[in-house]
>>> print(open('run.txt').read())   # compact mmCIF, C-alpha atoms
# COMPACT_ATOMS: atom_id res chain seq x y z
CA MET Y 17 29.78 17.14 -5.27
CA THR Y 18 32.82 15.46 -6.61
CA CYS Y 19 34.38 13.65 -3.73
CA VAL Y 20 33.39 11.66 -0.71
CA CYS Y 21 36.10 11.34 1.88
CA VAL Y 22 35.90 8.88 4.71
CA CYS Y 23 38.33 9.22 7.56
CA GLY Y 24 38.67 6.83 10.45
CA TRP Y 25 37.94 8.12 13.93
CA VAL Y 26 41.22 6.51 14.79
CA GLY Y 27 42.64 9.44 12.89
CA ALA Y 28 43.78 7.66 9.74
CA GLN Y 29 42.88 9.16 6.37
CA LEU Y 30 41.06 6.44 4.45
CA LYS Y 31 40.99 8.27 1.13
CA ILE Y 32 37.51 7.38 -0.04
CA GLN Y 33 36.58 9.13 -3.25
CA GLN Y 34 33.37 9.10 -5.15
CA SER Y 35 34.35 7.93 -8.57
CA SER Y 36 31.02 8.55 -10.31
CA GLU Y 37 28.04 10.86 -9.86
CA LEU Y 38 24.72 9.44 -8.78
CA VAL Y 39 22.64 8.18 -11.69
CA MET Y 40 18.96 7.36 -11.51
CA HIS Y 41 18.14 3.77 -12.38
CA MET Y 42 14.51 3.67 -11.29
CA LEU Y 43 12.05 6.49 -10.77
CA VAL Y 44 8.49 5.73 -9.70
CA LEU Y 45 5.67 8.25 -9.58
CA TYR Y 46 2.10 7.83 -8.43
CA GLY Y 47 -0.92 9.74 -9.70
CA ASN Y 48 -4.66 9.37 -10.13
CA THR Y 49 -6.82 10.36 -13.05
CA GLY Y 50 -9.78 10.97 -10.74
CA CYS Y 51 -12.12 8.95 -12.92
CA LYS Y 52 -12.73 5.37 -13.96
CA MET Y 53 -10.86 4.27 -17.05
CA ASP Y 54 -11.98 2.25 -20.02
CA LEU Y 55 -8.94 0.05 -20.55
CA SER Y 56 -10.29 -2.40 -23.12
CA SER Y 57 -8.14 -2.97 -26.19
CA ASP Y 58 -10.49 -1.00 -28.41
CA GLY Y 59 -11.51 1.36 -25.63
CA TYR Y 60 -11.33 5.10 -25.36
CA THR Y 61 -8.14 5.33 -23.27
CA VAL Y 62 -6.10 3.15 -25.60
CA GLY Y 63 -7.34 4.98 -28.67
CA SER Y 64 -6.74 8.36 -27.15
CA LEU Y 65 -3.19 7.56 -26.03
CA ARG Y 66 -2.36 6.16 -29.45
CA LYS Y 67 -3.54 9.38 -31.02
CA GLN Y 68 -1.92 11.82 -28.65
CA LEU Y 69 1.35 10.17 -27.64
CA PRO Y 70 4.21 8.51 -29.51
CA ARG Y 71 3.84 4.84 -30.32
CA SER Y 72 3.74 2.60 -27.27
CA SER Y 73 3.36 -1.10 -26.58
CA TYR Y 74 0.14 -2.01 -24.81
CA THR Y 75 -0.68 -4.95 -22.55
CA PRO Y 76 -4.42 -5.12 -21.84
CA CYS Y 77 -6.06 -6.10 -18.55
CA ILE Y 78 -6.22 -9.85 -18.21
CA GLU Y 79 -9.81 -10.67 -17.36
CA GLU Y 80 -10.29 -12.26 -13.94
CA HIS Y 81 -6.58 -11.86 -13.28
CA ASN Y 82 -5.85 -8.17 -12.88
CA ILE Y 83 -7.43 -4.81 -13.49
CA HIS Y 84 -4.52 -2.86 -14.83
CA ALA Y 85 -3.27 -2.25 -18.31
CA ILE Y 86 0.37 -1.50 -19.14
CA PHE Y 87 1.73 0.98 -21.66
CA ARG Y 88 5.43 1.04 -22.47
CA TRP Y 89 7.47 3.67 -24.24
CA ASP Y 90 11.04 2.63 -25.02
CA CYS Y 91 12.26 6.20 -25.40
CA VAL Y 92 11.12 9.02 -23.16
CA TRP Y 93 12.93 11.45 -25.45
CA ASN Y 94 10.23 10.97 -28.11
CA ILE Y 95 7.57 12.09 -25.62
CA PHE Y 96 9.72 14.99 -24.52
CA GLN Y 97 10.18 16.15 -28.11
CA GLN Y 98 6.43 16.12 -28.54
CA LEU Y 99 6.03 18.10 -25.33
CA GLN Y 100 8.60 20.61 -26.54
CA GLY Y 101 6.79 20.95 -29.83
CA ARG Y 102 3.53 21.74 -28.09
CA SER Y 103 5.00 24.12 -25.52
CA SER Y 104 5.45 27.75 -26.36
CA LEU Y 105 9.02 29.04 -26.48
CA ALA Y 106 8.53 30.99 -23.24
CA ASP Y 107 7.71 27.96 -21.18
CA ASN Y 108 9.80 25.50 -23.10
CA PRO Y 109 11.00 23.22 -20.35
CA ILE Y 110 14.47 22.51 -21.58
CA HIS Y 111 15.23 26.23 -22.03
CA CYS Y 112 13.81 27.06 -18.62
CA SER Y 113 16.33 24.91 -16.88
CA THR Y 114 19.49 26.25 -15.38
CA GLN Y 115 21.61 23.75 -17.28
CA ASP Y 116 24.48 24.80 -19.45
CA GLU Y 117 24.86 23.37 -22.93
CA GLY Y 118 26.81 20.34 -21.70
CA GLY Y 119 24.19 19.65 -19.05
CA GLN Y 120 21.39 19.91 -21.58
CA LEU Y 121 23.11 17.49 -23.91
CA SER Y 122 23.57 15.13 -21.04
CA SER Y 123 19.88 15.34 -20.13
CA VAL Y 124 18.92 14.72 -23.74
CA LYS Y 125 21.22 11.71 -23.87
CA PHE Y 126 19.76 10.39 -20.65
CA LEU Y 127 16.16 10.77 -21.84
CA GLN Y 128 17.06 9.05 -25.09
CA ASN Y 129 18.14 6.02 -23.11
CA THR Y 130 15.27 6.02 -20.66
CA GLY Y 131 12.03 4.11 -21.01
CA LEU Y 132 8.66 4.62 -19.37
CA THR Y 133 6.20 2.00 -18.17
CA LEU Y 134 2.73 3.15 -17.19
CA SER Y 135 0.52 0.82 -15.19
CA ILE Y 136 -3.03 2.11 -15.06
CA THR Y 137 -6.02 0.59 -13.28
CA THR Y 138 -9.69 0.83 -14.12
CA LEU Y 139 -10.06 3.01 -11.00
CA GLY Y 140 -7.64 5.56 -12.43
CA THR Y 141 -4.57 4.76 -10.37
CA CYS Y 142 -1.44 5.40 -12.40
CA ILE Y 143 2.04 4.16 -11.59
CA TYR Y 144 4.76 5.65 -13.78
CA ARG Y 145 8.10 3.87 -13.81
CA PHE Y 146 11.06 5.43 -15.56
CA GLY Y 147 14.19 3.35 -16.05
CA LYS Y 148 16.78 2.40 -18.57
CA LYS Y 149 16.74 -1.34 -18.14
CA ARG Y 150 14.22 -2.26 -20.82
CA LYS Y 151 15.83 0.07 -23.29
CA LEU Y 152 19.20 -1.55 -22.75
CA LEU Y 153 17.80 -5.02 -23.10
CA HIS Y 154 16.50 -4.11 -26.52
CA ARG Y 155 19.58 -2.28 -27.61
CA ALA Y 156 22.63 -4.20 -26.53
CA GLY Y 157 25.70 -2.02 -26.61
CA ALA Y 158 23.90 1.16 -25.63
CA GLU Y 159 24.98 0.82 -22.02
CA GLU Y 160 28.26 2.55 -22.59
CA ASN Y 161 26.54 5.60 -24.03
CA THR Y 162 24.06 5.74 -21.14
CA SER Y 163 26.69 5.45 -18.49
CA HIS Y 164 28.31 8.63 -19.74
CA ALA Y 165 25.05 10.59 -19.67
CA LEU Y 166 25.22 12.60 -16.47
CA TYR Y 167 22.12 12.79 -14.36
CA SER Y 168 21.28 16.00 -12.54
CA ALA Y 169 18.43 17.74 -10.77
CA ASP Y 170 17.55 19.33 -14.12
CA THR Y 171 17.34 15.93 -15.79
CA GLU Y 172 15.03 14.82 -13.03
CA ARG Y 173 12.87 17.92 -13.44
CA LEU Y 174 12.51 17.14 -17.15
CA ILE Y 175 11.40 13.61 -16.31
CA PHE Y 176 8.79 14.97 -13.89
CA LYS Y 177 7.53 17.28 -16.65
CA VAL Y 178 7.30 14.42 -19.13
CA CYS Y 179 5.36 12.45 -16.56
CA LYS Y 180 2.96 15.31 -15.88
CA TYR Y 181 2.45 15.73 -19.63
CA VAL Y 182 1.60 12.03 -20.06
CA HIS Y 183 -0.63 12.10 -16.98
CA ASP Y 184 -2.58 15.11 -18.28
CA ILE Y 185 -3.25 13.20 -21.49
CA VAL Y 186 -4.22 10.02 -19.63
CA ALA Y 187 -6.51 11.93 -17.26
CA THR Y 188 -8.33 13.67 -20.09
CA ALA Y 189 -8.44 10.57 -22.28
CA MET D 27 -5.29 -18.23 13.15
CA GLN D 28 -5.41 -20.37 10.04
CA GLN D 29 -7.50 -18.86 7.26
CA THR D 30 -10.60 -20.93 6.56
CA GLN D 31 -14.04 -20.37 5.08
CA ASN D 32 -15.20 -19.47 8.57
CA THR D 33 -12.52 -16.84 9.13
CA GLN D 34 -13.38 -15.50 5.69
CA LYS D 35 -17.01 -15.13 6.80
CA MET D 36 -15.88 -13.33 9.91
CA ASN D 37 -13.67 -11.00 7.85
CA GLU D 38 -16.64 -10.17 5.66
CA MET D 39 -18.74 -9.45 8.70
CA ILE D 40 -16.04 -7.17 10.15
CA ASN D 41 -15.60 -5.39 6.84
CA ASN D 42 -19.31 -4.82 6.41
CA HIS D 43 -20.00 -3.66 9.95
CA ILE D 44 -16.72 -2.14 11.10
CA GLU D 45 -18.49 1.01 12.27
CA LEU D 46 -20.57 -1.04 14.75
CA ILE D 47 -17.65 -3.00 16.15
CA PRO D 48 -15.45 -1.64 18.95
CA HIS D 49 -11.91 -0.89 17.85
CA GLU D 50 -10.43 -3.09 20.56
CA VAL D 51 -11.77 -5.41 23.24
CA ARG D 52 -10.03 -6.74 26.33
CA VAL D 53 -10.41 -10.48 26.86
CA PRO D 54 -10.53 -11.58 30.51
CA ALA D 55 -9.77 -15.13 31.63
CA GLU D 56 -13.37 -16.27 31.24
CA GLY D 57 -13.52 -15.04 27.66
CA ARG D 58 -15.59 -12.33 26.07
CA SER D 59 -18.77 -12.03 24.01
CA LEU D 60 -19.78 -9.30 21.60
CA ARG D 61 -23.10 -8.69 19.88
CA ILE D 62 -23.58 -6.64 16.75
CA VAL D 63 -27.21 -5.82 16.01
CA CYS D 64 -28.25 -4.65 12.56
CA PRO D 65 -31.89 -4.09 11.47
CA MET D 66 -32.36 -7.64 10.16
CA GLU D 67 -29.16 -9.35 11.26
CA VAL D 68 -27.55 -10.20 14.55
CA TYR D 69 -23.94 -11.26 14.93
CA ASN D 70 -22.59 -12.87 18.09
CA VAL D 71 -18.87 -13.24 18.64
CA HIS D 72 -17.79 -15.50 21.49
CA VAL D 73 -14.10 -15.49 22.31
CA LEU D 74 -12.91 -18.48 24.32
CA LYS D 75 -9.40 -18.71 25.70
CA GLN D 76 -8.88 -22.43 25.26
CA CYS D 77 -5.76 -22.94 23.16
CA THR D 78 -2.23 -23.51 24.32
CA GLU D 79 -0.76 -23.44 20.80
CA ARG D 80 -1.35 -21.17 17.84
CA SER D 81 -2.14 -24.15 15.62
CA GLN D 82 -5.13 -24.97 17.83
CA GLU D 83 -6.80 -21.62 17.27
CA GLU D 84 -9.98 -21.89 15.23
CA CYS D 85 -13.17 -20.15 14.24
CA ASN D 86 -16.53 -21.93 14.16
CA VAL D 87 -19.69 -20.45 12.72
CA GLU D 88 -23.32 -21.18 13.55
CA HIS D 89 -26.09 -19.73 11.49
CA ALA D 90 -29.82 -19.60 12.12
CA GLU D 91 -32.86 -17.76 10.83
CA TYR D 92 -35.56 -16.51 13.21
CA LYS D 93 -39.05 -16.01 11.73
CA CYS D 94 -41.44 -13.91 13.76
CA TRP D 95 -45.22 -13.66 14.16
CA GLU D 96 -47.08 -11.29 16.40
CA VAL D 97 -49.86 -13.06 18.32
CA ASP D 98 -51.99 -10.96 20.70
CA ASP D 99 -49.50 -9.32 23.08
CA PHE D 100 -46.56 -11.64 22.48
CA LEU D 101 -44.25 -12.76 19.70
CA VAL D 102 -43.74 -16.27 18.37
CA TRP D 103 -40.27 -17.01 17.04
CA LYS D 104 -39.37 -19.94 14.82
CA LYS D 105 -35.66 -20.70 14.84
CA ILE D 106 -34.50 -22.56 11.73
CA SER D 107 -30.96 -23.92 11.82
CA LYS D 108 -28.80 -23.29 8.78
CA ASN D 109 -25.88 -25.40 9.97
CA THR D 110 -24.90 -28.36 7.83
CA GLU D 111 -25.33 -30.93 10.60
CA SER D 112 -28.75 -29.67 11.72
CA MET D 113 -30.04 -28.02 8.54
CA GLY D 114 -33.71 -27.16 8.69
CA SER D 115 -34.34 -28.24 12.28
CA CYS D 116 -36.81 -25.94 14.04
CA THR D 117 -37.28 -24.67 17.57
CA PHE D 118 -40.12 -22.36 18.70
CA TYR D 119 -40.02 -19.58 21.28
CA LYS D 120 -42.61 -17.32 22.85
CA GLN D 121 -41.59 -13.83 23.83
CA ASP D 122 -43.46 -11.13 25.70
CA THR D 123 -43.55 -7.90 23.78
CA CYS D 124 -42.80 -4.56 25.31
CA ALA D 125 -44.61 -2.51 22.67
CA PRO D 126 -47.29 -4.50 20.88
CA GLY D 127 -48.54 -3.33 17.51
CA VAL D 128 -45.54 -1.26 16.55
CA ARG D 129 -43.44 -4.10 15.22
CA SER D 130 -41.52 -3.38 12.10
CA ARG D 131 -38.63 -5.00 10.28
CA VAL D 132 -36.34 -2.24 11.51
CA SER D 133 -36.70 -3.13 15.15
CA LEU D 134 -37.13 -6.86 14.78
CA ALA D 135 -33.51 -7.76 15.46
CA SER D 136 -33.57 -5.56 18.55
CA ASP D 137 -36.67 -7.41 19.75
CA LEU D 138 -34.97 -10.75 19.31
CA VAL D 139 -31.99 -9.77 21.44
CA GLY D 140 -34.00 -7.44 23.72
CA ALA D 141 -34.60 -7.68 27.45
CA CYS D 142 -37.99 -9.39 27.13
CA ALA D 143 -37.54 -13.03 28.12
CA LYS D 144 -38.10 -15.81 25.60
CA GLN D 145 -39.73 -19.06 26.65
CA LYS D 146 -38.68 -22.12 24.73
CA MET D 147 -41.63 -24.10 23.36
CA GLY D 148 -39.49 -26.83 21.82
CA ARG D 149 -40.19 -28.38 18.44
CA VAL D 150 -43.91 -27.77 18.56
CA ASN D 151 -45.51 -24.41 17.89
CA GLU D 152 -48.37 -24.15 20.36
CA TYR D 153 -49.72 -21.20 18.42
CA SER D 154 -49.36 -22.60 14.91
CA SER D 155 -53.01 -21.88 14.08
CA ALA D 156 -52.50 -18.22 15.01
CA CYS D 157 -49.33 -17.79 12.90
CA GLY D 158 -50.24 -16.85 9.36
CA ASP D 159 -49.33 -14.43 6.63
CA LYS D 160 -51.36 -11.60 8.15
CA ASN D 161 -49.46 -11.43 11.45
CA TYR D 162 -46.08 -12.43 10.05
CA VAL D 163 -43.62 -9.71 11.07
CA GLY D 164 -40.42 -10.81 9.33
CA SER D 165 -37.20 -12.69 9.89
CA VAL D 166 -33.83 -12.08 11.50
CA SER D 167 -30.61 -13.79 10.51
CA VAL D 168 -28.39 -14.73 13.46
CA THR D 169 -24.76 -15.67 12.93
CA THR D 170 -22.59 -16.77 15.82
CA PHE D 171 -18.81 -16.87 15.58
CA ILE D 172 -17.01 -18.96 18.18
CA LEU D 173 -13.36 -18.06 18.35
CA ARG D 174 -11.01 -20.32 20.24
CA VAL D 175 -7.82 -18.40 20.86
CA MET D 176 -4.62 -18.72 22.87
CA GLU D 177 -4.96 -18.58 26.63
CA SER D 178 -2.45 -15.75 26.63
CA THR D 179 -4.70 -13.53 24.48
CA ALA D 180 -5.36 -10.28 26.32
CA LEU D 181 -6.71 -7.96 23.64
CA LEU D 182 -8.67 -8.23 20.41
CA ARG D 183 -8.38 -5.57 17.77
CA PHE D 184 -10.81 -5.26 14.89
CA ALA D 185 -9.77 -3.57 11.65
CA SER D 186 -11.36 -3.45 8.24
CA ASP D 187 -9.17 -4.36 5.29
CA ARG D 188 -11.48 -2.36 3.10
CA SER D 189 -10.59 0.89 4.81
CA MET D 190 -8.49 1.79 1.78
CA ALA D 191 -11.37 1.12 -0.57
CA LYS D 192 -13.58 3.38 1.48
CA ASN D 193 -11.07 6.20 1.29
CA LYS D 194 -12.82 8.79 -0.84
CA GLU D 195 -9.57 10.53 -1.67
CA ARG D 196 -8.46 7.43 -3.53
CA ASN D 197 -10.37 8.40 -6.62
CA GLN D 198 -9.59 12.08 -6.64
CA PHE D 199 -7.37 13.51 -9.34
CA SER D 200 -3.76 13.87 -8.30
CA VAL D 201 -0.72 15.06 -10.20
CA PRO D 202 1.94 12.33 -10.35
CA LYS D 203 4.37 12.61 -7.49
CA ALA D 204 7.61 10.75 -6.94
CA VAL D 205 7.20 7.91 -4.49
CA ASN D 206 10.43 6.00 -4.99
CA ILE D 207 13.62 6.94 -6.79
CA CYS D 208 16.74 4.82 -6.76
CA TYR D 209 20.21 6.02 -7.72
CA THR D 210 23.52 4.30 -8.18
CA GLY D 211 27.07 5.56 -8.00
CA THR D 212 30.52 4.35 -7.09
CA VAL D 213 33.15 5.18 -4.54
CA GLY D 214 36.73 4.05 -4.34
CA GLY D 215 39.12 3.60 -1.45
CA ASN D 216 39.30 1.87 1.89
CA ILE D 217 36.36 1.93 4.26
CA ALA D 218 36.52 0.69 7.82
CA ALA D 219 33.26 -1.16 7.31
CA GLU D 220 33.21 -2.84 10.71
CA VAL D 221 33.52 0.46 12.57
CA ILE D 222 30.82 2.14 10.46
CA ARG D 223 28.47 -0.81 10.95
CA CYS D 224 29.01 -0.57 14.67
CA ALA D 225 28.44 3.20 14.74
CA THR D 226 25.25 2.93 12.65
CA LYS D 227 24.01 0.09 14.84
CA GLN D 228 23.98 -2.35 11.94
CA ASN D 229 24.07 -5.63 13.77
CA LYS D 230 24.35 -7.98 10.82
CA LYS D 231 27.64 -8.40 9.07
CA ARG D 232 25.93 -7.56 5.77
CA GLY D 233 23.04 -5.28 4.89
CA PRO D 234 20.14 -6.24 2.61
CA CYS D 235 20.58 -6.96 -1.11
CA GLY D 236 24.16 -8.10 -0.55
CA SER D 237 25.34 -4.68 0.58
CA GLU D 238 28.15 -4.37 3.07
CA MET D 239 26.77 -1.30 4.80
CA HIS D 240 23.22 -0.11 5.12
CA ILE D 241 22.53 3.42 6.33
CA ASP D 242 18.85 4.16 6.91
CA THR D 243 17.81 7.81 7.00
CA SER D 244 14.54 9.73 6.97
CA MET D 245 15.14 10.63 3.32
CA GLY D 246 16.01 7.18 2.04
CA VAL D 247 18.46 4.34 2.34
CA LEU D 248 22.12 4.43 1.40
CA GLN D 249 23.78 1.10 0.74
CA ILE D 250 27.48 0.59 0.16
CA TYR D 251 28.51 -2.64 -1.52
CA GLY D 252 31.63 -4.72 -1.21
CA ASN D 253 35.05 -3.79 -2.44
CA ASN D 254 35.66 -4.65 -6.09
CA SER D 255 39.27 -3.87 -6.97
CA GLY D 256 39.13 -0.66 -4.96
CA SER D 257 35.75 0.40 -6.33
CA ARG D 258 32.50 0.15 -4.39
CA LYS D 259 29.02 0.48 -5.78
CA ILE D 260 26.64 2.65 -3.76
CA THR D 261 22.87 2.73 -4.11
CA CYS D 262 20.48 5.32 -2.78
CA LYS D 263 16.99 3.81 -2.54
CA ALA D 264 13.53 5.14 -1.78
CA PHE D 265 14.43 8.80 -2.21
CA LEU D 266 12.10 11.45 -3.61
CA LYS D 267 14.61 13.64 -5.42
CA ILE D 268 18.26 13.58 -6.32
CA GLN D 269 19.13 16.56 -4.13
CA GLU D 270 18.15 14.52 -1.08
CA ALA D 271 20.22 11.52 -2.19
CA GLU D 272 23.22 13.77 -2.80
CA PHE D 273 22.60 15.45 0.54
CA ILE D 274 22.71 12.10 2.33
CA VAL D 275 25.87 11.00 0.53
CA ASP D 276 27.43 14.33 1.46
CA ARG D 277 26.34 14.04 5.09
CA VAL D 278 27.74 10.54 5.37
CA CYS D 279 30.95 11.91 3.94
CA MET D 280 31.02 14.71 6.50
CA MET D 281 30.26 12.37 9.36
CA VAL D 282 33.01 9.94 8.59
CA ARG D 283 35.40 12.77 7.88
CA ALA D 284 35.38 13.75 11.53
CA ALA D 285 38.26 12.57 13.63
CA ALA D 286 35.91 11.78 16.51
CA PRO D 287 33.86 8.59 16.57
CA LEU D 288 30.95 8.51 14.13
CA PRO D 289 27.83 9.92 15.83
CA SER D 290 24.80 7.71 16.05
CA MET D 291 22.52 8.03 12.99
CA HIS D 292 19.52 7.98 15.28
CA ALA D 293 20.71 11.01 17.18
CA HIS D 294 21.92 12.78 14.06
CA PRO D 295 19.87 15.54 12.40
CA LEU D 296 19.58 13.25 9.37
CA ALA D 297 17.01 11.28 11.23
CA LEU D 298 14.78 14.28 11.82
CA PRO D 299 11.84 14.66 9.41
CA SER D 300 12.34 18.41 9.37
CA MET D 301 15.58 17.85 7.53
CA ARG D 302 13.60 16.66 4.51
CA ALA D 303 13.32 20.25 3.43
CA ALA D 304 17.03 20.80 3.74
CA PRO D 305 18.60 22.62 0.80
CA ALA D 306 20.50 20.66 -1.76
CA MET D 307 24.12 20.04 -1.16
CA THR D 308 26.65 21.74 -3.32
>>> encode(input="run.txt", output="structure tokens")
Amino acid sequence: MTCVCVCGWVGAQLKIQQSSELVMHMLVLYGNTGCKMDLSSDGYTVGSLRKQLPRSSYTPCIEEHNIHAIFRWDCVWNIFQQLQGRSSLADNPIHCSTQDEGGQLSSVKFLQNTGLTLSITTLGTCIYRFGKKRKLLHRAGAEENTSHALYSADTERLIFKVCKYVHDIVATA
Amino acid sequence: MQQTQNTQKMNEMINNHIELIPHEVRVPAEGRSLRIVCPMEVYNVHVLKQCTERSQEECNVEHAEYKCWEVDDFLVWKKISKNTESMGSCTFYKQDTCAPGVRSRVSLASDLVGACAKQKMGRVNEYSSACGDKNYVGSVSVTTFILRVMESTALLRFASDRSMAKNKERNQFSVPKAVNICYTGTVGGNIAAEVIRCATKQNKKRGPCGSEMHIDTSMGVLQIYGNNSGSRKITCKAFLKIQEAEFIVDRVCMMVRAAAPLPSMHAHPLALPSMRAAPAMT
């Protein structure tokens, strides 16, 4: 889709054009590990995620205040690279997509500028939030690059795969 | 009704015994009483239509413990008040028993509220010498909630706020699924905002979040913001995948492209849930 035209029912052509493609700015997913989680700072979940996933920031549960811990990854691309490294060539997600080279580059660019926040409760409820805001706050000046990264259904599929990969690790942690 | 310690107690009672409480109860002019009988607890709920203003509505709680002894072919009950103003005061009752010798803690609450009449003995237990450890049957806790509600109240509905916690599926493994995706984009040109607002039944001059137009569909919400030097920001909120957001933008485009007046969004196929599975737009 390249253009949105809005005409008046009075018959006049209003010449409305879409001047930019839709870009995701917040993507929230919900999942459950199916088991209770040990979220203490020196607990099993934290240790396991540190071992199996790229470096993340960690905010522990605040006793008598909440029951969820927060993990943040500033760059989803790092997780995706790890996923690619572990996947066989046949089911390599980025090669499975229908994207052309330009589309793939765009997806890569988008993932590089996208962060992930995982909120996980002791009951195993996981809320995954993908967005670029935190990343941009940390890296002023990166906004221009991000705005040119096109977002497509393939980009979204890659994000879903990254999320499933992280969730599998969390659920088995 | 204003939340107090008493309403909190009532909430706890409802949460703990929701399966014993009727889902809804009609309240006639004279009020309504409910009784919930558990093995060792009895709860009375008296609803009185006495208030003319919401601020007058209140919940009072009375609590008492009934100790029971079996003496010959009758029961002796000792009611001990647990209310602050009458803490510890006692009243004795004598009750004929329908089935002597088969008393147990399980049926004790049923006995207390059963059909067999109780005779009040007052503050003196006439059978005190016969009430000892050997014939002590047990005790029943009785809590009475007195709800004063608006005179216009016609129906009471009881719901447990722990129903989510009791949902067994809550702790089953589930693959992460999208629950909310928001997209942004821009459009440029002139939009007859007033006409679109009218056609989409948007009564307010502005939509939420400062948007000029707000188009609610079964797939998500499309918001179009104000004109900024010919460019307008659009946001697609609460979608589940980009194809659906693009589909909605495309449909809105098609709708406003028609020379005829914009069809109502409520009558449009967009509003039908079955359209969720619609293929992606080109």
>>> closest_residue(input="run.txt", among="D:Glu38, D:Asp242, D:Glu220, D:Glu79", to="chain Y", atoms="all atoms listed in the file")
D:Glu220
>>> closest_residue(input="run.txt", among="D:His240, D:His89, D:Lys104, D:Lys203", to="chain Y", atoms="all atoms listed in the file")
D:Lys203
>>> atom_distance(input="run.txt", atom1="CA of Ser107 (chain D)", atom2="CA of Gln82 (chain D)")
26.5 Å
>>> closest_residue(input="run.txt", among="Y:Lys148, Y:Leu174, Y:Ser168, Y:Arg88", to="chain D", atoms="only C-alpha atoms")
Y:Ser168
>>> closest_residue(input="run.txt", among="Y:Val39, Y:Ile185, Y:Ala165, Y:Leu127", to="chain D", atoms="all atoms listed in the file")
Y:Val39
>>> closest_residue(input="run.txt", among="Y:Leu166, Y:Ile83, Y:Leu139, Y:Val178", to="chain D", atoms="all atoms listed in the file")
Y:Leu139
>>> residues_near_point(input="run.txt", point="(-10.4, 5.5, -22.6)", cutoff="12 Å", atoms="only C-alpha atoms", output="list of chain:residue names")
Y:Thr49, Y:Cys51, Y:Lys52, Y:Met53, Y:Asp54, Y:Leu55, Y:Ser56, Y:Ser57, Y:Asp58, Y:Gly59, Y:Tyr60, Y:Thr61, Y:Val62, Y:Gly63, Y:Ser64, Y:Leu65, Y:Arg66, Y:Lys67, Y:Ala85, Y:Ile136, Y:Thr137, Y:Thr138, Y:Leu139, Y:Gly140, Y:Ile185, Y:Val186, Y:Ala187, Y:Thr188, Y:Ala189
>>> closest_residue(input="run.txt", among="Y:Asn129, Y:Gln98, Y:Ser73, Y:Ser122", to="Tyr181 (chain Y)", atoms="only C-alpha atoms")
Y:Gln98
>>> residues_around(input="run.txt", residues="Val175 (chain D)", least_positions_apart="6", cutoff="9 Å", atoms="only C-alpha atoms", output="short mmCIF file (atom, residue, chain, number, x, y, z; two decimals) with C-alpha atoms, in the frame of the given file")
data_model
loop_
_atom_site.label_atom_id
_atom_site.label_comp_id
_atom_site.auth_asym_id
_atom_site.auth_seq_id
_atom_site.Cartn_x
_atom_site.Cartn_y
_atom_site.Cartn_z
CA MET D 27 -5.29 -18.23 13.15
CA VAL D 73 -14.10 -15.49 22.31
CA LEU D 74 -12.91 -18.48 24.32
CA LYS D 75 -9.40 -18.71 25.70
CA GLN D 76 -8.88 -22.43 25.26
CA CYS D 77 -5.76 -22.94 23.16
CA THR D 78 -2.23 -23.51 24.32
CA GLU D 79 -0.76 -23.44 20.80
CA ARG D 80 -1.35 -21.17 17.84
CA GLN D 82 -5.13 -24.97 17.83
CA GLU D 83 -6.80 -21.62 17.27
CA GLU D 84 -9.98 -21.89 15.23
CA CYS D 85 -13.17 -20.15 14.24
#
>>> atom_distance(input="run.txt", atom1="CA of Glu96 (chain D)", atom2="CA of Leu138 (chain D)")
12.5 Å
>>> atom_distance(input="run.txt", atom1="CA of Ser167 (chain D)", atom2="CA of Asn37 (chain D)")
17.4 Å
